[in-house]
>>> print(open('input-v3.pdb').read())   # PDB, C-alpha atoms
ATOM      1  CA  MET A 434     183.237 -53.635 283.485
ATOM      2  CA  PRO A 435     184.823 -56.082 281.027
ATOM      3  CA  SER A 436     182.666 -58.912 279.737
ATOM      4  CA  ALA A 437     183.145 -62.553 280.685
ATOM      5  CA  VAL A 438     184.546 -63.266 277.215
ATOM      6  CA  GLU A 439     187.181 -60.546 277.627
ATOM      7  CA  LEU A 440     188.157 -61.889 281.032
ATOM      8  CA  ILE A 441     188.513 -65.470 279.780
ATOM      9  CA  GLN A 442     190.405 -64.377 276.674
ATOM     10  CA  SER A 443     192.819 -62.321 278.775
ATOM     11  CA  LEU A 444     193.239 -65.304 281.105
ATOM     12  CA  VAL A 445     194.207 -67.510 278.148
ATOM     13  CA  ASN A 446     196.646 -64.894 276.864
ATOM     14  CA  GLY A 447     198.062 -64.421 280.349
ATOM     15  CA  VAL A 448     198.772 -68.121 280.762
ATOM     16  CA  GLY A 449     200.585 -68.135 277.405
ATOM     17  CA  ILE A 450     202.954 -65.268 278.204
ATOM     18  CA  GLY A 451     203.198 -66.427 281.823
ATOM     19  CA  LEU A 452     204.647 -69.763 280.746
ATOM     20  CA  ILE A 453     207.409 -67.837 278.965
ATOM     21  CA  TYR A 454     208.057 -65.808 282.127
ATOM     22  CA  GLY A 455     208.182 -69.093 283.998
ATOM     23  CA  LEU A 456     210.899 -70.531 281.759
ATOM     24  CA  ILE A 457     212.939 -67.366 282.236
ATOM     25  CA  ALA A 458     212.357 -67.558 286.002
ATOM     26  CA  ILE A 459     213.667 -71.129 286.051
ATOM     27  CA  GLY A 460     216.796 -69.889 284.283
ATOM     28  CA  PHE A 461     217.310 -67.287 287.008
ATOM     29  CA  SER A 462     216.805 -69.946 289.678
ATOM     30  CA  VAL A 463     219.271 -72.434 288.190
ATOM     31  CA  ILE A 464     222.149 -69.946 288.341
ATOM     32  CA  TYR A 465     221.122 -68.382 291.654
ATOM     33  CA  ASN A 466     220.833 -71.724 293.413
ATOM     34  CA  ALA A 467     224.215 -72.874 292.130
ATOM     35  CA  SER A 468     226.142 -69.667 292.807
ATOM     36  CA  GLY A 469     224.077 -67.025 294.590
ATOM     37  CA  ILE A 470     224.388 -64.843 291.472
ATOM     38  CA  VAL A 471     221.409 -63.030 289.973
ATOM     39  CA  ASN A 472     222.178 -63.138 286.258
ATOM     40  CA  PHE A 473     220.736 -59.964 284.773
ATOM     41  CA  ALA A 474     221.866 -61.130 281.338
ATOM     42  CA  GLN A 475     219.132 -63.774 281.417
ATOM     43  CA  GLY A 476     216.776 -61.655 279.336
ATOM     44  CA  VAL A 477     219.314 -61.288 276.559
ATOM     45  CA  PHE A 478     219.419 -65.079 276.136
ATOM     46  CA  VAL A 479     215.695 -64.906 275.346
ATOM     47  CA  MET A 480     216.379 -62.298 272.685
ATOM     48  CA  LEU A 481     219.269 -64.314 271.237
ATOM     49  CA  GLY A 482     217.108 -67.428 270.930
ATOM     50  CA  GLY A 483     214.560 -65.623 268.794
ATOM     51  CA  MET A 484     217.131 -63.708 266.757
ATOM     52  CA  PHE A 485     219.255 -66.763 265.960
ATOM     53  CA  ALA A 486     216.199 -68.847 265.084
ATOM     54  CA  HIS A 487     214.936 -66.120 262.741
ATOM     55  CA  THR A 488     218.345 -65.772 261.071
ATOM     56  CA  LEU A 489     218.748 -69.514 260.524
ATOM     57  CA  LEU A 490     215.160 -69.838 259.301
ATOM     58  CA  VAL A 491     215.023 -66.832 256.962
ATOM     59  CA  ARG A 492     218.614 -66.236 255.877
ATOM     60  CA  TYR A 493     219.858 -69.823 255.697
ATOM     61  CA  GLY A 494     216.590 -71.617 254.974
ATOM     62  CA  LEU A 495     216.799 -74.202 257.746
ATOM     63  CA  PRO A 496     213.528 -75.819 258.856
ATOM     64  CA  ILE A 497     212.073 -74.425 262.062
ATOM     65  CA  TRP A 498     212.826 -77.509 264.153
ATOM     66  CA  LEU A 499     216.487 -77.480 263.142
ATOM     67  CA  SER A 500     216.702 -73.703 263.603
ATOM     68  CA  ALA A 501     215.315 -74.120 267.132
ATOM     69  CA  ILE A 502     217.814 -76.846 268.045
ATOM     70  CA  VAL A 503     220.836 -75.023 266.602
ATOM     71  CA  SER A 504     219.765 -71.719 268.190
ATOM     72  CA  THR A 505     219.401 -73.330 271.610
ATOM     73  CA  ILE A 506     222.866 -74.880 271.330
ATOM     74  CA  LEU A 507     224.397 -71.581 270.209
ATOM     75  CA  VAL A 508     222.820 -69.615 273.049
ATOM     76  CA  ALA A 509     223.793 -72.274 275.593
ATOM     77  CA  GLY A 510     227.330 -71.914 274.253
ATOM     78  CA  ALA A 511     227.085 -68.151 274.727
ATOM     79  CA  GLY A 512     226.089 -68.768 278.342
ATOM     80  CA  VAL A 513     229.156 -70.961 278.806
ATOM     81  CA  LEU A 514     231.394 -68.233 277.346
ATOM     82  CA  VAL A 515     229.925 -65.673 279.738
ATOM     83  CA  GLN A 516     230.690 -67.942 282.670
ATOM     84  CA  ILE A 517     234.230 -68.799 281.557
ATOM     85  CA  PHE A 518     235.409 -65.344 280.487
ATOM     86  CA  VAL A 519     233.410 -63.030 282.793
ATOM     87  CA  ILE A 520     232.043 -64.799 285.857
ATOM     88  CA  ASN A 521     234.788 -67.318 286.543
ATOM     89  CA  PRO A 522     237.729 -64.845 286.648
ATOM     90  CA  MET A 523     235.792 -62.625 289.063
ATOM     91  CA  TRP A 524     234.778 -65.679 291.096
ATOM     92  CA  ARG A 525     238.398 -66.792 291.452
ATOM     93  CA  ARG A 526     239.468 -63.317 292.589
ATOM     94  CA  ASN A 527     236.736 -63.352 295.270
ATOM     95  CA  ALA A 528     235.063 -60.318 293.726
ATOM     96  CA  PRO A 529     232.099 -58.938 295.692
ATOM     97  CA  LEU A 530     228.802 -60.490 294.686
ATOM     98  CA  PHE A 531     227.340 -57.139 293.655
ATOM     99  CA  ALA A 532     230.286 -56.622 291.269
ATOM    100  CA  ILE A 533     229.578 -59.968 289.586
ATOM    101  CA  ILE A 534     225.896 -59.075 289.281
ATOM    102  CA  LEU A 535     226.819 -55.722 287.708
ATOM    103  CA  ALA A 536     229.101 -57.599 285.308
ATOM    104  CA  THR A 537     226.114 -59.654 284.073
ATOM    105  CA  LEU A 538     224.278 -56.386 283.390
ATOM    106  CA  ALA A 539     227.291 -55.151 281.415
ATOM    107  CA  VAL A 540     227.244 -58.415 279.443
ATOM    108  CA  GLN A 541     223.627 -57.788 278.465
ATOM    109  CA  LEU A 542     224.409 -54.273 277.220
ATOM    110  CA  LEU A 543     227.442 -55.556 275.308
ATOM    111  CA  ILE A 544     225.503 -58.347 273.597
ATOM    112  CA  GLU A 545     222.710 -55.940 272.643
ATOM    113  CA  GLN A 546     225.221 -53.649 270.928
ATOM    114  CA  ILE A 547     226.800 -56.588 269.088
ATOM    115  CA  ILE A 548     223.359 -57.670 267.841
ATOM    116  CA  ILE A 549     222.618 -54.142 266.565
ATOM    117  CA  LEU A 550     225.887 -54.103 264.601
ATOM    118  CA  THR A 551     225.556 -57.633 263.193
ATOM    119  CA  LEU A 552     221.847 -58.367 262.806
ATOM    120  CA  GLY A 553     220.332 -54.885 262.881
ATOM    121  CA  ASP A 554     217.791 -53.161 265.097
ATOM    122  CA  GLN A 555     214.567 -54.082 263.284
ATOM    123  CA  PRO A 556     211.940 -56.280 264.984
ATOM    124  CA  ARG A 557     211.683 -59.807 263.593
ATOM    125  CA  THR A 558     209.189 -62.621 263.760
ATOM    126  CA  TYR A 559     208.428 -65.880 261.963
ATOM    127  CA  PRO A 560     205.348 -68.076 261.447
ATOM    128  CA  GLU A 561     203.862 -70.182 264.206
ATOM    129  CA  PHE A 562     205.106 -73.758 264.396
ATOM    130  CA  THR A 563     201.665 -75.061 263.409
ATOM    131  CA  ALA A 564     199.977 -73.282 260.514
ATOM    132  CA  GLY A 565     196.375 -72.165 260.675
ATOM    133  CA  GLY A 566     194.382 -71.282 263.708
ATOM    134  CA  PRO A 567     193.609 -69.901 266.047
ATOM    135  CA  LEU A 568     191.560 -72.618 267.703
ATOM    136  CA  LYS A 569     188.054 -71.329 268.421
ATOM    137  CA  VAL A 570     186.310 -72.431 271.614
ATOM    138  CA  GLY A 571     183.105 -70.486 271.329
ATOM    139  CA  PRO A 572     184.121 -66.821 271.294
ATOM    140  CA  ILE A 573     187.546 -67.614 272.798
ATOM    141  CA  ALA A 574     190.525 -67.776 270.422
ATOM    142  CA  ILE A 575     193.594 -69.814 271.344
ATOM    143  CA  ALA A 576     196.655 -69.573 269.109
ATOM    144  CA  TYR A 577     198.183 -72.931 268.199
ATOM    145  CA  GLN A 578     201.541 -71.575 269.336
ATOM    146  CA  GLN A 579     200.221 -71.449 272.904
ATOM    147  CA  PHE A 580     199.880 -75.224 272.856
ATOM    148  CA  TRP A 581     203.528 -75.443 271.851
ATOM    149  CA  VAL A 582     204.433 -73.139 274.735
ATOM    150  CA  LEU A 583     202.357 -75.196 277.167
ATOM    151  CA  GLY A 584     203.684 -78.534 275.963
ATOM    152  CA  CYS A 585     207.324 -77.474 275.871
ATOM    153  CA  GLY A 586     207.022 -75.773 279.258
ATOM    154  CA  ALA A 587     205.555 -78.871 280.889
ATOM    155  CA  LEU A 588     208.132 -81.123 279.218
ATOM    156  CA  LEU A 589     211.037 -78.929 280.325
ATOM    157  CA  VAL A 590     209.832 -78.743 283.927
ATOM    158  CA  PHE A 591     209.468 -82.530 284.026
ATOM    159  CA  ALA A 592     212.909 -83.023 282.455
ATOM    160  CA  LEU A 593     214.568 -80.565 284.842
ATOM    161  CA  THR A 594     212.902 -82.166 287.865
ATOM    162  CA  GLN A 595     214.179 -85.570 286.792
ATOM    163  CA  PHE A 596     217.619 -84.102 286.063
ATOM    164  CA  PHE A 597     217.988 -82.518 289.510
ATOM    165  CA  ASN A 598     216.593 -85.521 291.366
ATOM    166  CA  ARG A 599     217.917 -88.535 289.467
ATOM    167  CA  THR A 600     221.259 -87.666 287.852
ATOM    168  CA  ARG A 601     224.677 -87.278 289.460
ATOM    169  CA  MET A 602     225.193 -83.900 287.809
ATOM    170  CA  GLY A 603     221.800 -82.696 288.960
ATOM    171  CA  ARG A 604     222.453 -83.790 292.528
ATOM    172  CA  ALA A 605     225.865 -82.111 292.364
ATOM    173  CA  LEU A 606     224.187 -78.849 291.337
ATOM    174  CA  ARG A 607     221.762 -79.192 294.240
ATOM    175  CA  ALA A 608     224.695 -79.762 296.591
ATOM    176  CA  CYS A 609     226.342 -76.573 295.318
ATOM    177  CA  ALA A 610     223.088 -74.740 295.934
ATOM    178  CA  GLN A 611     222.894 -75.925 299.530
ATOM    179  CA  ASN A 612     226.547 -75.350 300.484
ATOM    180  CA  ARG A 613     229.240 -74.619 297.912
ATOM    181  CA  GLU A 614     232.118 -74.971 300.374
ATOM    182  CA  ALA A 615     230.930 -78.363 301.617
ATOM    183  CA  ALA A 616     230.328 -79.490 298.036
ATOM    184  CA  ALA A 617     233.912 -78.576 297.124
ATOM    185  CA  LEU A 618     235.223 -80.512 300.144
ATOM    186  CA  LEU A 619     233.269 -83.546 298.940
ATOM    187  CA  GLY A 620     235.108 -83.378 295.610
ATOM    188  CA  ILE A 621     232.371 -81.731 293.529
ATOM    189  CA  PRO A 622     233.938 -79.446 290.870
ATOM    190  CA  VAL A 623     232.025 -76.294 291.751
ATOM    191  CA  GLU A 624     233.389 -74.220 288.852
ATOM    192  CA  ARG A 625     232.385 -76.930 286.384
ATOM    193  CA  MET A 626     228.916 -76.994 287.917
ATOM    194  CA  LEU A 627     228.653 -73.255 287.356
ATOM    195  CA  ILE A 628     229.399 -73.807 283.669
ATOM    196  CA  VAL A 629     226.577 -76.365 283.547
ATOM    197  CA  ALA A 630     224.258 -73.935 285.354
ATOM    198  CA  PHE A 631     224.963 -71.129 282.871
ATOM    199  CA  ALA A 632     224.501 -73.474 279.910
ATOM    200  CA  LEU A 633     221.154 -74.686 281.280
ATOM    201  CA  SER A 634     220.003 -71.168 282.084
ATOM    202  CA  ALA A 635     220.964 -69.780 278.677
ATOM    203  CA  GLY A 636     219.359 -72.746 276.918
ATOM    204  CA  LEU A 637     216.100 -72.217 278.808
ATOM    205  CA  GLY A 638     216.140 -68.533 277.865
ATOM    206  CA  ALA A 639     216.738 -69.434 274.220
ATOM    207  CA  ILE A 640     213.806 -71.869 274.184
ATOM    208  CA  ALA A 641     211.568 -69.203 275.716
ATOM    209  CA  GLY A 642     212.609 -66.751 272.990
ATOM    210  CA  ILE A 643     212.102 -69.281 270.203
ATOM    211  CA  LEU A 644     208.610 -70.144 271.466
ATOM    212  CA  ILE A 645     207.352 -66.591 271.994
ATOM    213  CA  THR A 646     208.725 -64.927 268.841
ATOM    214  CA  PRO A 647     205.948 -66.214 266.493
ATOM    215  CA  THR A 648     203.216 -64.575 268.620
ATOM    216  CA  GLN A 649     205.194 -61.488 269.662
ATOM    217  CA  TYR A 650     208.431 -60.408 268.000
ATOM    218  CA  THR A 651     212.112 -60.277 268.810
ATOM    219  CA  ALA A 652     214.561 -57.386 268.628
ATOM    220  CA  TYR A 653     217.726 -56.334 270.370
ATOM    221  CA  LEU A 654     215.782 -54.452 273.071
ATOM    222  CA  VAL A 655     213.312 -57.167 274.193
ATOM    223  CA  GLY A 656     215.802 -58.737 276.577
ATOM    224  CA  THR A 657     215.285 -56.153 279.315
ATOM    225  CA  PRO A 658     211.479 -56.471 279.721
ATOM    226  CA  TYR A 659     211.633 -60.258 279.493
ATOM    227  CA  GLY A 660     214.452 -60.337 282.012
ATOM    228  CA  ILE A 661     212.609 -58.087 284.464
ATOM    229  CA  ASN A 662     209.370 -60.074 284.212
ATOM    230  CA  GLY A 663     211.238 -63.371 284.562
ATOM    231  CA  PHE A 664     212.996 -62.030 287.652
ATOM    232  CA  ILE A 665     209.689 -60.925 289.177
ATOM    233  CA  ALA A 666     208.218 -64.358 288.397
ATOM    234  CA  ALA A 667     211.177 -66.040 290.118
ATOM    235  CA  ILE A 668     210.627 -63.916 293.225
ATOM    236  CA  ILE A 669     206.889 -64.631 293.253
ATOM    237  CA  GLY A 670     207.333 -68.386 292.943
ATOM    238  CA  GLY A 671     210.494 -68.531 294.992
ATOM    239  CA  PHE A 672     213.979 -69.489 293.853
ATOM    240  CA  GLY A 673     213.280 -73.146 294.456
ATOM    241  CA  SER A 674     212.004 -75.882 292.184
ATOM    242  CA  PRO A 675     211.294 -75.530 288.457
ATOM    243  CA  VAL A 676     207.585 -75.893 289.241
ATOM    244  CA  ALA A 677     207.754 -72.856 291.548
ATOM    245  CA  GLY A 678     209.290 -70.732 288.802
ATOM    246  CA  LEU A 679     206.732 -71.837 286.230
ATOM    247  CA  VAL A 680     203.793 -71.177 288.567
ATOM    248  CA  GLY A 681     205.242 -67.765 289.459
ATOM    249  CA  GLY A 682     205.460 -66.934 285.767
ATOM    250  CA  VAL A 683     201.886 -67.999 285.055
ATOM    251  CA  LEU A 684     200.599 -65.958 288.008
ATOM    252  CA  LEU A 685     202.469 -62.886 286.793
ATOM    253  CA  GLY A 686     201.250 -63.342 283.216
ATOM    254  CA  VAL A 687     197.625 -63.667 284.322
ATOM    255  CA  ILE A 688     197.892 -60.656 286.643
ATOM    256  CA  GLN A 689     199.330 -58.527 283.846
ATOM    257  CA  SER A 690     196.676 -59.596 281.342
ATOM    258  CA  GLU A 691     193.802 -58.963 283.744
ATOM    259  CA  ALA A 692     195.317 -55.591 284.719
ATOM    260  CA  ILE A 693     195.251 -54.575 281.052
ATOM    261  CA  VAL A 694     191.563 -55.503 280.800
ATOM    262  CA  PHE A 695     190.541 -53.674 283.978
ATOM    263  CA  PHE A 696     192.865 -50.666 283.980
ATOM    264  CA  GLY A 697     194.502 -50.400 280.548
ATOM    265  CA  ALA A 698     197.939 -51.321 279.208
ATOM    266  CA  GLY A 699     199.587 -48.410 281.014
ATOM    267  CA  PHE A 700     198.876 -49.996 284.400
ATOM    268  CA  ARG A 701     200.377 -53.405 283.601
ATOM    269  CA  ASN A 702     203.812 -52.687 285.035
ATOM    270  CA  ILE A 703     202.387 -50.758 287.985
ATOM    271  CA  ILE A 704     200.275 -53.751 289.000
ATOM    272  CA  SER A 705     203.192 -56.147 288.467
ATOM    273  CA  LEU A 706     205.525 -54.097 290.662
ATOM    274  CA  SER A 707     202.821 -53.720 293.307
ATOM    275  CA  VAL A 708     202.434 -57.497 293.426
ATOM    276  CA  LEU A 709     206.214 -57.815 293.685
ATOM    277  CA  LEU A 710     206.303 -55.483 296.701
ATOM    278  CA  ILE A 711     203.497 -57.395 298.412
ATOM    279  CA  VAL A 712     205.275 -60.703 297.878
ATOM    280  CA  LEU A 713     208.567 -59.286 299.180
ATOM    281  CA  MET A 714     206.854 -57.917 302.292
ATOM    282  CA  TYR A 715     204.754 -60.952 303.216
ATOM    283  CA  PHE A 716     206.364 -63.848 301.346
ATOM    284  CA  PRO A 717     210.074 -62.929 301.185
ATOM    285  CA  LYS A 718     210.954 -66.502 300.217
ATOM    286  CA  GLY A 719     208.290 -66.600 297.518
ATOM    287  CA  LEU A 720     204.808 -68.069 297.588
ATOM    288  CA  PHE A 721     206.265 -71.553 297.916
ATOM    289  CA  GLY A 722     208.420 -70.481 300.850
ATOM    290  CA  GLY A 723     205.546 -69.764 303.200
ATOM    291  CA  LEU A 724     204.725 -66.764 305.309
ATOM    292  CA  GLU A 725     207.578 -65.066 307.114
ATOM    293  CA  LYS A 726     207.224 -65.687 310.809
ATOM    294  CA  LYS A 727     206.856 -62.633 312.982
ATOM    295  CA  ALA A 728     209.178 -62.187 315.959
TER     296      ALA A 728
END
>>> encode(input="input-v3.pdb", output="structure tokens")
Amino acid sequence: MPSAVELIQSLVNGVGIGLIYGLIAIGFSVIYNASGIVNFAQGVFVMLGGMFAHTLLVRYGLPIWLSAIVSTILVAGAGVLVQIFVINPMWRRNAPLFAIILATLAVQLLIEQIIILTLGDQPRTYPEFTAGGPLKVGPIAIAYQQFWVLGCGALLVFALTQFFNRTRMGRALRACAQNREAAALLGIPVERMLIVAFALSAGLGAIAGILITPTQYTAYLVGTPYGINGFIAAIIGGFGSPVAGLVGGVLLGVIQSEAIVFFGAGFRNIISLSVLLIVLMYFPKGLFGGLEKKA
């Protein structure tokens, strides 16, 4: 049996990675709620955030805060390009939804190959935003970067909640989520809202990648595991509010970390997928959607 210290340490680590999953889950939710599309390129935005930040920091010598801002803008721009040149033409031709979803998967593979050719295939990392550490609380070690993840995650969820509830653009996105046809009849530019949704989603993925790279690493191939875990987190929390996505991510991160302690690293994905199946069977709308009523 693992000791209490191991359990608490794994809980701390799980919350840290879970917050990253939560940000990715929110990105999935933003696009899904606006269009019904599951964007399987979401994970690659996480990779791009870390890769661009590393390149600007190491190759061009920009300070980390400026590298983070520029990287987020660049990745958000990449999300806009994906919507304009891939999603929008298919949308206008009334392409089947599964074809659009497959197109997002093709976009991920394409971007990964471009990154290999331009930036290489070697893993990259950079120092934590705050030097020193980790913070010691008795035998428990907490990396300073986890406080950045926690603070930025909370700030982003608050900002997104205010955006969706208090701004005209946010309310327009919510209207598209509820009924795209009715929103179009009311004069809401649905295609423009999709551009906003992809920019927001890509920007959130970039921030997640920028925050996690100092404690993990980034490389062309990290997009797939981050994308899968973010998708699972979105299903667990439910494709609803930003808070639901963040909580789903934290739950998944904690479950994975505790699974490693109890069963070993090889069982992490098995436990995660088992939890996913249980949620789909008993909470098909996510934990925040309530139990499915029996006939």
>>> residues_around(input="input-v3.pdb", residues="Ala608 in chain A", least_positions_apart="6", cutoff="12 Å", atoms="all atoms listed in the file", output="PyMOL selection string")
chain A and resi 466-468+597-598+601-602+614-623+626-627
>>> residues_around(input="input-v3.pdb", residues="Ala539 in chain A", least_positions_apart="3", cutoff="12 Å", atoms="all atoms listed in the file", output="ChimeraX atom specification")
/A:472-475,477,515,519-520,532-536,542-546
>>> closest_residue(input="input-v3.pdb", among="A:Ala630, A:Leu499, A:Val445, A:Ala437", to="Ala610 in chain A", atoms="all atoms listed in the file")
A:Ala630
>>> closest_residue(input="input-v3.pdb", among="A:Pro556, A:Gly686, A:Gly449, A:Gly656", to="Gly584 in chain A", atoms="all atoms listed in the file")
A:Gly449
>>> closest_residue(input="input-v3.pdb", among="A:Leu481, A:Arg701, A:Ser674, A:Gly642", to="Arg607 in chain A", atoms="all atoms listed in the file")
A:Ser674
>>> closest_residue(input="input-v3.pdb", among="A:Thr537, A:Gln555, A:Asn612, A:Asn446", to="Leu583 in chain A", atoms="all atoms listed in the file")
A:Asn446
>>> closest_residue(input="input-v3.pdb", among="A:Tyr454, A:Phe631, A:Tyr493, A:Phe591", to="Val508 in chain A", atoms="all atoms listed in the file")
A:Phe631
>>> closest_residue(input="input-v3.pdb", among="A:Ile548, A:Ile441, A:Leu495, A:Ala677", to="Gly571 in chain A", atoms="all atoms listed in the file")
A:Ile441
>>> atom_distance(input="input-v3.pdb", atom1="CA of Gln516 in chain A", atom2="CA of Leu713 in chain A")
28.9 Å
>>> atom_distance(input="input-v3.pdb", atom1="CA of Phe721 in chain A", atom2="CA of Ala692 in chain A")
23.4 Å
>>> residues_around(input="input-v3.pdb", residues="range 664-667 of chain A", least_positions_apart="5", cutoff="7 Å", atoms="only C-alpha atoms", output="CSV table (one decimal) with C-alpha atoms, keeping the file's coordinate frame")
chain,number,residue,atom,x,y,z
A,454,TYR,CA,208.1,-65.8,282.1
A,455,GLY,CA,208.2,-69.1,284.0
A,458,ALA,CA,212.4,-67.6,286.0
A,459,ILE,CA,213.7,-71.1,286.1
A,461,PHE,CA,217.3,-67.3,287.0
A,462,SER,CA,216.8,-69.9,289.7
A,672,PHE,CA,214.0,-69.5,293.9
A,678,GLY,CA,209.3,-70.7,288.8
A,681,GLY,CA,205.2,-67.8,289.5
A,682,GLY,CA,205.5,-66.9,285.8
A,685,LEU,CA,202.5,-62.9,286.8
A,709,LEU,CA,206.2,-57.8,293.7
>>> resolve_selection(input="input-v3.pdb", expression="the PyMOL selection byres ((chain A and resi 485-489) around 7)", output="list in words")
Leu481, Gly482, Gly483, Met484, Leu490, Val491, Arg492, Tyr493, Gly494, Leu495, Ser500, Ala501, Ser504, Thr558, Tyr559 and Ile643 of chain A
>>> axis_aligned_box(input="input-v3.pdb", around="range 574-577 of chain A", padding_each_side="3 Å", output="AutoDock Vina command-line options")
--center_x 194.4 --center_y -70.4 --center_z 269.8 --size_x 13.7 --size_y 11.2 --size_z 9.1
>>> build_atoms(input="input-v3.pdb", residues="range 639-656 of chain A", atoms="N, CA and C atoms", output="PDB file, keeping the file's coordinate frame")
ATOM      1  N   ALA A 639     216.848 -69.317 275.674  1.00  0.00           N
ATOM      2  CA  ALA A 639     216.738 -69.434 274.220  1.00  0.00           C
ATOM      3  C   ALA A 639     215.430 -70.099 273.815  1.00  0.00           C
ATOM      4  N   ILE A 640     215.050 -71.174 274.509  1.00  0.00           N
ATOM      5  CA  ILE A 640     213.806 -71.869 274.184  1.00  0.00           C
ATOM      6  C   ILE A 640     212.614 -70.945 274.385  1.00  0.00           C
ATOM      7  N   ALA A 641     212.648 -70.167 275.480  1.00  0.00           N
ATOM      8  CA  ALA A 641     211.568 -69.203 275.716  1.00  0.00           C
ATOM      9  C   ALA A 641     211.476 -68.216 274.564  1.00  0.00           C
ATOM     10  N   GLY A 642     212.621 -67.702 274.100  1.00  0.00           N
ATOM     11  CA  GLY A 642     212.609 -66.751 272.990  1.00  0.00           C
ATOM     12  C   GLY A 642     212.121 -67.361 271.690  1.00  0.00           C
ATOM     13  N   ILE A 643     212.526 -68.597 271.427  1.00  0.00           N
ATOM     14  CA  ILE A 643     212.102 -69.281 270.203  1.00  0.00           C
ATOM     15  C   ILE A 643     210.593 -69.506 270.213  1.00  0.00           C
ATOM     16  N   LEU A 644     210.042 -69.849 271.364  1.00  0.00           N
ATOM     17  CA  LEU A 644     208.610 -70.144 271.466  1.00  0.00           C
ATOM     18  C   LEU A 644     207.740 -68.900 271.371  1.00  0.00           C
ATOM     19  N   ILE A 645     208.209 -67.772 271.917  1.00  0.00           N
ATOM     20  CA  ILE A 645     207.352 -66.591 271.994  1.00  0.00           C
ATOM     21  C   ILE A 645     207.444 -65.712 270.754  1.00  0.00           C
ATOM     22  N   THR A 646     208.534 -65.820 269.992  1.00  0.00           N
ATOM     23  CA  THR A 646     208.725 -64.927 268.841  1.00  0.00           C
ATOM     24  C   THR A 646     207.598 -65.006 267.803  1.00  0.00           C
ATOM     25  N   PRO A 647     207.029 -66.198 267.491  1.00  0.00           N
ATOM     26  CA  PRO A 647     205.948 -66.214 266.493  1.00  0.00           C
ATOM     27  C   PRO A 647     204.708 -65.425 266.894  1.00  0.00           C
ATOM     28  N   THR A 648     204.414 -65.304 268.191  1.00  0.00           N
ATOM     29  CA  THR A 648     203.216 -64.575 268.620  1.00  0.00           C
ATOM     30  C   THR A 648     203.537 -63.153 269.050  1.00  0.00           C
ATOM     31  N   GLN A 649     204.783 -62.851 269.318  1.00  0.00           N
ATOM     32  CA  GLN A 649     205.194 -61.488 269.662  1.00  0.00           C
ATOM     33  C   GLN A 649     206.160 -61.017 268.572  1.00  0.00           C
ATOM     34  N   TYR A 650     207.354 -60.711 268.940  1.00  0.00           N
ATOM     35  CA  TYR A 650     208.431 -60.408 268.000  1.00  0.00           C
ATOM     36  C   TYR A 650     209.717 -60.428 268.803  1.00  0.00           C
ATOM     37  N   THR A 651     210.834 -60.394 268.121  1.00  0.00           N
ATOM     38  CA  THR A 651     212.112 -60.277 268.810  1.00  0.00           C
ATOM     39  C   THR A 651     212.881 -59.114 268.216  1.00  0.00           C
ATOM     40  N   ALA A 652     213.695 -58.489 269.028  1.00  0.00           N
ATOM     41  CA  ALA A 652     214.561 -57.386 268.628  1.00  0.00           C
ATOM     42  C   ALA A 652     215.614 -57.236 269.713  1.00  0.00           C
ATOM     43  N   TYR A 653     216.614 -56.444 269.426  1.00  0.00           N
ATOM     44  CA  TYR A 653     217.726 -56.334 270.370  1.00  0.00           C
ATOM     45  C   TYR A 653     217.287 -55.829 271.743  1.00  0.00           C
ATOM     46  N   LEU A 654     216.168 -55.091 271.816  1.00  0.00           N
ATOM     47  CA  LEU A 654     215.782 -54.452 273.071  1.00  0.00           C
ATOM     48  C   LEU A 654     214.762 -55.247 273.893  1.00  0.00           C
ATOM     49  N   VAL A 655     214.344 -56.432 273.446  1.00  0.00           N
ATOM     50  CA  VAL A 655     213.312 -57.167 274.193  1.00  0.00           C
ATOM     51  C   VAL A 655     213.885 -57.892 275.396  1.00  0.00           C
ATOM     52  N   GLY A 656     215.205 -57.996 275.478  1.00  0.00           N
ATOM     53  CA  GLY A 656     215.802 -58.737 276.577  1.00  0.00           C
ATOM     54  C   GLY A 656     215.491 -58.139 277.936  1.00  0.00           C
TER      55      GLY A 656
END
